[in-house]
Each structure stands twice: as C-alpha cells, then as structure tokens.
Amino acid sequence: RRIETGLRQALPGNQLKLHYQPKVDAHSGRIVGAEALLRWQLNGRDLYKPDQFIPVAEDSGLILPIGAWVLRQACRQARMWQQAGHEIPISVNVSPLQFQHADFYTWLDDVLEEAGLESRLLELELTERMVMSGGEATTGLLQRIKHRGVRLSLDDFGTGYCSLSYLKHFPIDALKIDRMFVRDIISDHDTATITSAIIAMARSLNKDVIAEGVETREQGSFLRHAGCSQLQGFLYGMPMPASELQKLLAEPV
Ligand code: G
Ligand code: G
Ligand code: NA
Ligand code: MN
C-alpha cells in the first residue's frame, strides 16, 4: 500500500518517465521500431521496477491516468522523431483495464489527433488474455483500432492460451515471442522446436513475428533463420531515455 500512496504522487510529481527499447530488423540490424517502457524515478534513480508498481497501478485503477499519460507521451515522442527525420513506429503496452474501458477508442483517437501522429506510427501491444477474453465486443474494438490504421501486436506470445488457429479471427499484425522461449532456444531442443513451429505457423497466417529478450548472437541468428522479422533485447539495446535512442537513430548503420 506504500507503493500505492507514492504512485498517486508520481504523475503530478513528474516522477514517471518513458524509456525506449529498440526493435531491429532481423536482417539489416537497423532500428525499425521502439517499445515505450514506463519508469518511476526520483533523481534519476528507479524507485520501483515496473513489475512491482504496474500491478499496483492496475489494482488501484491508477493505470488509467498513468496509461493515458504513457500513450500521449509516446505519441508525442514518435512525432518528434518523425519531425527529426527518424520515422519509426512506437509500441505502447496497454493494460487490460485501459483496454476494457468504454472510452478507450475515443481516447486513442484523441491522443493521435492531439499529437499529430499518423496512426501507422503507433502500435499497441496487447496480451493474449485481453484479446481472448472479451468475445464479440473485443473483436469489434480490435477491428475499429485496426481500421483507424494503428498496428496491433500480441505481447508475451506463447505463455497464455491463445491457440494459433484462433488467431486468424483477430486483426492482429504481429506476435511477440515471449522471452521465456528465447531464453532456452539454444540450450533446450524442445523449446527450439516449439518456437520454430510457432513462428512458422504465425507466418503462414501472415503475421509478423518479433522475438523479445534476445541476449546472445546465437539466439538472434536462430530466430532470424526461424523467420522472425524483428528482434528486440539487450543484445541490440537496453531500454533507454529518448535522447539516447535518438543518438542511435542518427548513427549510420
Ligand atoms: O520495463 P520492464 O522492462 O521492466 O517491464 C516490466 C513489465 O512492465 C513488462 O511486462 C512490461 O510490459 C510492463 N510495462 C512496462 N511499461 C508499461 C506501460 O507503460 N504500461 C503497461 N501496462 N505495462 C508496462
Ligand atoms: O512484458 P514486456 O515484454 O513488455 O517486457 C519488457 C521487459 O523485458 C522490460 O522489463 C525490459 O526491460 C525487459 N527486457 C527487454 N529486453 C530484455 C532482454 O534481452 N533480457 C531480459 N532478461 N529482459 C529484457
Ligand atoms: Na511489451
Ligand atoms: Mn513482452
């Protein structure tokens, strides 16, 4: 509860920051996207890690104002990068509570409008559970978002219960293979086999496949050969402040 009390002050107190982690093209190694990741900091140091405070934000409902701030901030940043000549889509994690909110679509539309950001430069990262749980209403919302031109990806793919055959009913552009799979693909033969099969099936359904948590060259090379189009992980870049990512974007590859 101490976290909750502090978290109420975090937004007004300017303690929330976004870091950005690059996503690279699996073949060229160029930065082709960035995921916005929330940080709660005081004097430049993390007060709590997101896996500590985000659940608290979700339970307390604070994720609604915080999530709104994240989306607005990320869209503004993507617009600034575009104006600086770096056109990369920004990915934003959406929490279930935000997504279930009746005003989610209107609010998304307003944020894009206000930031002056083309919708193709925004991607929402949803989890399997969010997409699977809501029935008709959820499918309708996904279709509206898709129709608005915003990209949709399924985060942490493989950890939930989303069957691949079901996936073809949802207007999802990309799957993110969960870090747990990536971690073991070199050391564990079964994991390698399963991961390759997931990637192949996703590709046959015309979904892009991104791998997250790539830490070694061996993992990167395996995933590239298995058919991932984009890679993300410490090997290519940590989550970093916007100014640092902008320096990387300005470097020739
Ligand atoms: O940032 P880190 O790299 O530690 O992220 C830990 C977890 O917190 C991940 O599951 C990530 O998806 C989640 N997370 C990070 N930023 C956000 C955010 O802005 N909104 C939501 N809902 N989750 C986030
Ligand atoms: O759940 P989500 O995929 O949004 O999580 C992003 C989280 O993963 C963040 O906490 C981020 O710091 C972390 N992360 C990003 N790249 C790597 C990596 O290569 N290895 C590990 N262990 N964690 C990573
Ligand atoms: Na994510
Ligand atoms: Mn993820």
# chains A, B, ... in the order shown; residues from 1 in each chain; ligands from 1
>>> residues_near_ligand(ligand="ligand 4", cutoff="12 Å", atoms="only C-alpha atoms and all ligand atoms", output="VMD selection string")
chain A and resid 21 35 to 37 91 to 94 124 to 128 153 to 159 175 to 182 210 to 214 231 to 233
>>> closest_atom_pairs(of="chain A", to="ligand 1", cutoff="6 Å", atoms="only C-alpha atoms and all ligand atoms", output="tab-separated table")
residue	atom	partner	partner_atom_place_in_ligand_line	distance
A:Leu37	CA	ligand 1	16 (N)	3.7
A:Leu38	CA	ligand 1	16 (N)	3.9
A:Lys49	CA	ligand 1	4 (O)	6.0
A:Pro50	CA	ligand 1	8 (O)	4.6
A:Asp51	CA	ligand 1	6 (C)	4.9
A:Gly67	CA	ligand 1	20 (N)	5.9
A:Val70	CA	ligand 1	19 (O)	5.6
A:Asn93	CA	ligand 1	20 (N)	4.6
A:Val94	CA	ligand 1	22 (N)	4.6
A:Ser95	CA	ligand 1	22 (N)	4.0
>>> write_last_selection(atoms="C-alpha atoms", output="PDB file, in the first residue's frame")
ATOM      1  CA  LEU A  37       8.577   1.207 -21.190  1.00  0.00           C
ATOM      2  CA  LEU A  38       7.472   3.025 -18.079  1.00  0.00           C
ATOM      3  CA  LYS A  49      10.554  -1.654 -11.030  1.00  0.00           C
ATOM      4  CA  PRO A  50       7.566  -1.826 -13.373  1.00  0.00           C
ATOM      5  CA  ASP A  51       6.766  -5.395 -12.380  1.00  0.00           C
ATOM      6  CA  GLY A  67      -1.707   4.690 -19.142  1.00  0.00           C
ATOM      7  CA  VAL A  70       2.109   6.913 -21.381  1.00  0.00           C
ATOM      8  CA  ASN A  93       1.848  -1.569 -23.733  1.00  0.00           C
ATOM      9  CA  VAL A  94      -1.842  -1.422 -22.949  1.00  0.00           C
ATOM     10  CA  SER A  95      -3.169  -2.794 -19.686  1.00  0.00           C
TER      11      SER A  95
END
>>> atom_distance(atom1="atom 9 (C, counted along the ligand's line) of ligand 2", atom2="atom CA of Gly29 of chain A")
20.3 Å
>>> select_by_dssp(residues="segment 89-134 of chain A", states="alpha helix (DSSP H)", output="PyMOL selection string")
chain A and resi 96-100+104-115+128-133
>>> write_last_selection(atoms="C-alpha atoms", output="PDB file, in the first residue's frame")
ATOM      1  CA  PRO A  96      -6.408  -4.817 -19.560  1.00  0.00           C
ATOM      2  CA  LEU A  97      -8.191  -2.143 -17.523  1.00  0.00           C
ATOM      3  CA  GLN A  98      -7.427   0.519 -20.125  1.00  0.00           C
ATOM      4  CA  PHE A  99      -8.465  -1.706 -22.961  1.00  0.00           C
ATOM      5  CA  GLN A 100     -11.764  -2.642 -21.306  1.00  0.00           C
ATOM      6  CA  PHE A 104     -10.693   3.509 -24.955  1.00  0.00           C
ATOM      7  CA  TYR A 105     -11.223   4.032 -28.668  1.00  0.00           C
ATOM      8  CA  THR A 106     -12.303   7.672 -28.412  1.00  0.00           C
ATOM      9  CA  TRP A 107      -9.425   8.402 -26.178  1.00  0.00           C
ATOM     10  CA  LEU A 108      -6.921   6.700 -28.510  1.00  0.00           C
ATOM     11  CA  ASP A 109      -8.301   8.695 -31.403  1.00  0.00           C
ATOM     12  CA  ASP A 110      -7.989  11.946 -29.435  1.00  0.00           C
ATOM     13  CA  VAL A 111      -4.394  11.222 -28.459  1.00  0.00           C
ATOM     14  CA  LEU A 112      -3.352  10.566 -32.069  1.00  0.00           C
ATOM     15  CA  GLU A 113      -5.126  13.721 -33.164  1.00  0.00           C
ATOM     16  CA  GLU A 114      -3.583  15.849 -30.454  1.00  0.00           C
ATOM     17  CA  ALA A 115      -0.075  14.513 -31.056  1.00  0.00           C
ATOM     18  CA  GLU A 128      -3.306 -12.880 -25.289  1.00  0.00           C
ATOM     19  CA  ARG A 129      -5.684 -12.787 -22.361  1.00  0.00           C
ATOM     20  CA  MET A 130      -7.024  -9.352 -23.301  1.00  0.00           C
ATOM     21  CA  VAL A 131      -7.752 -10.439 -26.835  1.00  0.00           C
ATOM     22  CA  MET A 132      -9.216 -13.812 -25.975  1.00  0.00           C
ATOM     23  CA  SER A 133     -11.446 -12.872 -23.061  1.00  0.00           C
TER      24      SER A 133
END
>>> residues_around(residues="Gln9 of chain A", least_positions_apart="6", cutoff="12 Å", atoms="only C-alpha atoms", output="compact mmCIF listing (two decimals) with N, CA and C atoms, in the first residue's frame")
# COMPACT_ATOMS: atom_id res chain seq x y z
N ARG A 2 2.10 1.10 0.47
CA ARG A 2 3.03 2.22 0.44
C ARG A 2 3.30 2.61 -1.02
N ILE A 3 3.35 1.57 -1.87
CA ILE A 3 3.57 1.84 -3.29
C ILE A 3 2.41 2.64 -3.85
N GLN A 15 7.40 12.11 -11.73
CA GLN A 15 8.37 11.04 -11.44
C GLN A 15 8.30 9.92 -12.47
N LEU A 16 7.34 9.99 -13.37
CA LEU A 16 7.24 8.94 -14.39
C LEU A 16 7.99 9.36 -15.65
N TRP A 40 9.61 4.63 -13.05
CA TRP A 40 9.24 5.52 -11.95
C TRP A 40 10.53 5.92 -11.24
N GLN A 41 10.89 7.16 -11.39
CA GLN A 41 12.21 7.58 -10.94
C GLN A 41 12.16 8.81 -10.05
N LEU A 42 13.14 8.85 -9.14
CA LEU A 42 13.36 10.05 -8.34
C LEU A 42 14.85 10.36 -8.44
N LEU A 62 -5.14 3.28 -10.87
CA LEU A 62 -4.23 4.36 -11.27
C LEU A 62 -3.66 4.15 -12.68
N PRO A 65 -5.14 6.86 -15.50
CA PRO A 65 -4.43 8.11 -15.79
C PRO A 65 -2.97 7.88 -16.21
N ILE A 66 -2.33 6.89 -15.62
CA ILE A 66 -0.93 6.63 -15.98
C ILE A 66 -0.83 6.15 -17.42
>>> atom_distance(atom1="atom CA of Ala137 of chain A", atom2="atom CA of Ala102 of chain A")
10.4 Å
>>> closest_residue(among="A:Cys228, A:Val56, A:Leu167, A:Ala174", to="Ala26 of chain A", atoms="only C-alpha atoms")
A:Cys228
>>> closest_residue(among="A:Ile63, A:Leu235, A:Ala250, A:Leu117", to="ligand 2", atoms="only C-alpha atoms and all ligand atoms")
A:Leu235
>>> closest_residue(among="A:Gly135, A:Gly220, A:Pro22, A:Pro12", to="ligand 3", atoms="only C-alpha atoms and all ligand atoms")
A:Pro22
>>> closest_residue(among="A:Arg1, A:Arg72, A:Lys23, A:Arg8", to="ligand 3", atoms="only C-alpha atoms and all ligand atoms")
A:Lys23
>>> residues_around(residues="Arg148 of chain A", least_positions_apart="5", cutoff="9 Å", atoms="only C-alpha atoms", output="MDAnalysis selection string")
chainID A and resid 109 119:120 143
>>> select_by_dssp(residues="segment 28-162 of chain A", states="strand (DSSP E)", output="PyMOL selection string")
chain A and resi 31-42+45-48+90-93+122-127+151-157
>>> write_last_selection(atoms="N, CA and C atoms", output="compact mmCIF listing (two decimals), in the first residue's frame")
# COMPACT_ATOMS: atom_id res chain seq x y z
N ILE A 31 17.42 -0.11 -36.74
CA ILE A 31 16.33 0.13 -35.79
C ILE A 31 15.06 0.44 -36.57
N VAL A 32 14.05 -0.39 -36.37
CA VAL A 32 12.81 -0.21 -37.13
C VAL A 32 11.60 0.02 -36.23
N GLY A 33 11.86 0.22 -34.95
CA GLY A 33 10.77 0.49 -34.03
C GLY A 33 11.32 0.67 -32.63
N ALA A 34 10.45 1.08 -31.71
CA ALA A 34 10.86 1.19 -30.31
C ALA A 34 9.66 0.94 -29.41
N GLU A 35 9.91 0.23 -28.32
CA GLU A 35 8.85 -0.01 -27.34
C GLU A 35 9.01 0.95 -26.18
N ALA A 36 7.93 1.65 -25.85
CA ALA A 36 7.94 2.56 -24.70
C ALA A 36 7.77 1.74 -23.42
N LEU A 37 8.65 1.94 -22.46
CA LEU A 37 8.58 1.21 -21.19
C LEU A 37 8.62 2.21 -20.04
N LEU A 38 7.66 2.06 -19.15
CA LEU A 38 7.47 3.02 -18.08
C LEU A 38 8.53 2.87 -16.98
N ARG A 39 9.01 4.00 -16.49
CA ARG A 39 9.92 4.02 -15.37
C ARG A 39 9.42 5.00 -14.32
N TRP A 40 9.61 4.63 -13.05
CA TRP A 40 9.24 5.52 -11.95
C TRP A 40 10.53 5.92 -11.24
N GLN A 41 10.89 7.16 -11.39
CA GLN A 41 12.21 7.58 -10.94
C GLN A 41 12.16 8.81 -10.05
N LEU A 42 13.14 8.85 -9.14
CA LEU A 42 13.36 10.05 -8.34
C LEU A 42 14.85 10.36 -8.44
N ARG A 45 16.98 7.91 -10.38
CA ARG A 45 17.09 6.50 -9.97
C ARG A 45 15.72 5.86 -9.86
N ASP A 46 15.65 4.58 -10.27
CA ASP A 46 14.38 3.87 -10.20
C ASP A 46 13.93 3.71 -8.75
N LEU A 47 12.70 4.14 -8.47
CA LEU A 47 12.12 3.92 -7.14
C LEU A 47 11.63 2.48 -7.01
N TYR A 48 10.88 2.07 -8.02
CA TYR A 48 10.39 0.69 -8.08
C TYR A 48 10.48 0.21 -9.51
N ILE A 90 6.15 3.54 -32.80
CA ILE A 90 6.33 3.41 -31.37
C ILE A 90 5.33 2.37 -30.87
N SER A 91 5.80 1.47 -29.99
CA SER A 91 4.91 0.47 -29.42
C SER A 91 4.60 0.82 -27.98
N VAL A 92 3.34 0.72 -27.62
CA VAL A 92 2.90 1.06 -26.27
C VAL A 92 2.18 -0.14 -25.67
N ASN A 93 2.54 -0.49 -24.44
CA ASN A 93 1.85 -1.57 -23.73
C ASN A 93 0.52 -1.06 -23.19
N LEU A 122 1.94 4.15 -34.75
CA LEU A 122 1.63 3.66 -33.40
C LEU A 122 1.28 2.17 -33.46
N GLU A 123 1.83 1.43 -32.51
CA GLU A 123 1.47 0.03 -32.35
C GLU A 123 1.06 -0.19 -30.90
N LEU A 124 -0.01 -0.91 -30.69
CA LEU A 124 -0.42 -1.26 -29.34
C LEU A 124 -0.02 -2.70 -29.06
N GLU A 125 0.61 -2.92 -27.92
CA GLU A 125 0.96 -4.28 -27.51
C GLU A 125 -0.09 -4.77 -26.51
N LEU A 126 -0.80 -5.77 -26.91
CA LEU A 126 -1.85 -6.36 -26.06
C LEU A 126 -1.39 -7.75 -25.63
N THR A 127 -2.03 -8.27 -24.60
CA THR A 127 -1.68 -9.64 -24.22
C THR A 127 -2.76 -10.60 -24.72
N ARG A 151 -1.33 -0.24 -35.59
CA ARG A 151 -0.91 -1.64 -35.61
C ARG A 151 -1.20 -2.32 -34.26
N LEU A 152 -1.45 -3.61 -34.33
CA LEU A 152 -1.73 -4.37 -33.10
C LEU A 152 -0.77 -5.54 -33.00
N SER A 153 -0.19 -5.72 -31.83
CA SER A 153 0.64 -6.91 -31.64
C SER A 153 0.28 -7.61 -30.34
N LEU A 154 0.52 -8.90 -30.33
CA LEU A 154 0.26 -9.72 -29.14
C LEU A 154 1.56 -9.95 -28.41
N ASP A 155 1.62 -9.42 -27.19
CA ASP A 155 2.82 -9.48 -26.37
C ASP A 155 2.91 -10.82 -25.66
N ASP A 156 4.10 -11.19 -25.25
CA ASP A 156 4.32 -12.39 -24.43
C ASP A 156 3.68 -13.62 -25.06
N PHE A 157 3.77 -13.72 -26.36
CA PHE A 157 3.04 -14.79 -27.04
C PHE A 157 3.60 -16.17 -26.68
>>> closest_residue(among="A:Glu251, A:Glu215, A:Glu244, A:Glu136", to="ligand 2", atoms="only C-alpha atoms and all ligand atoms")
A:Glu215
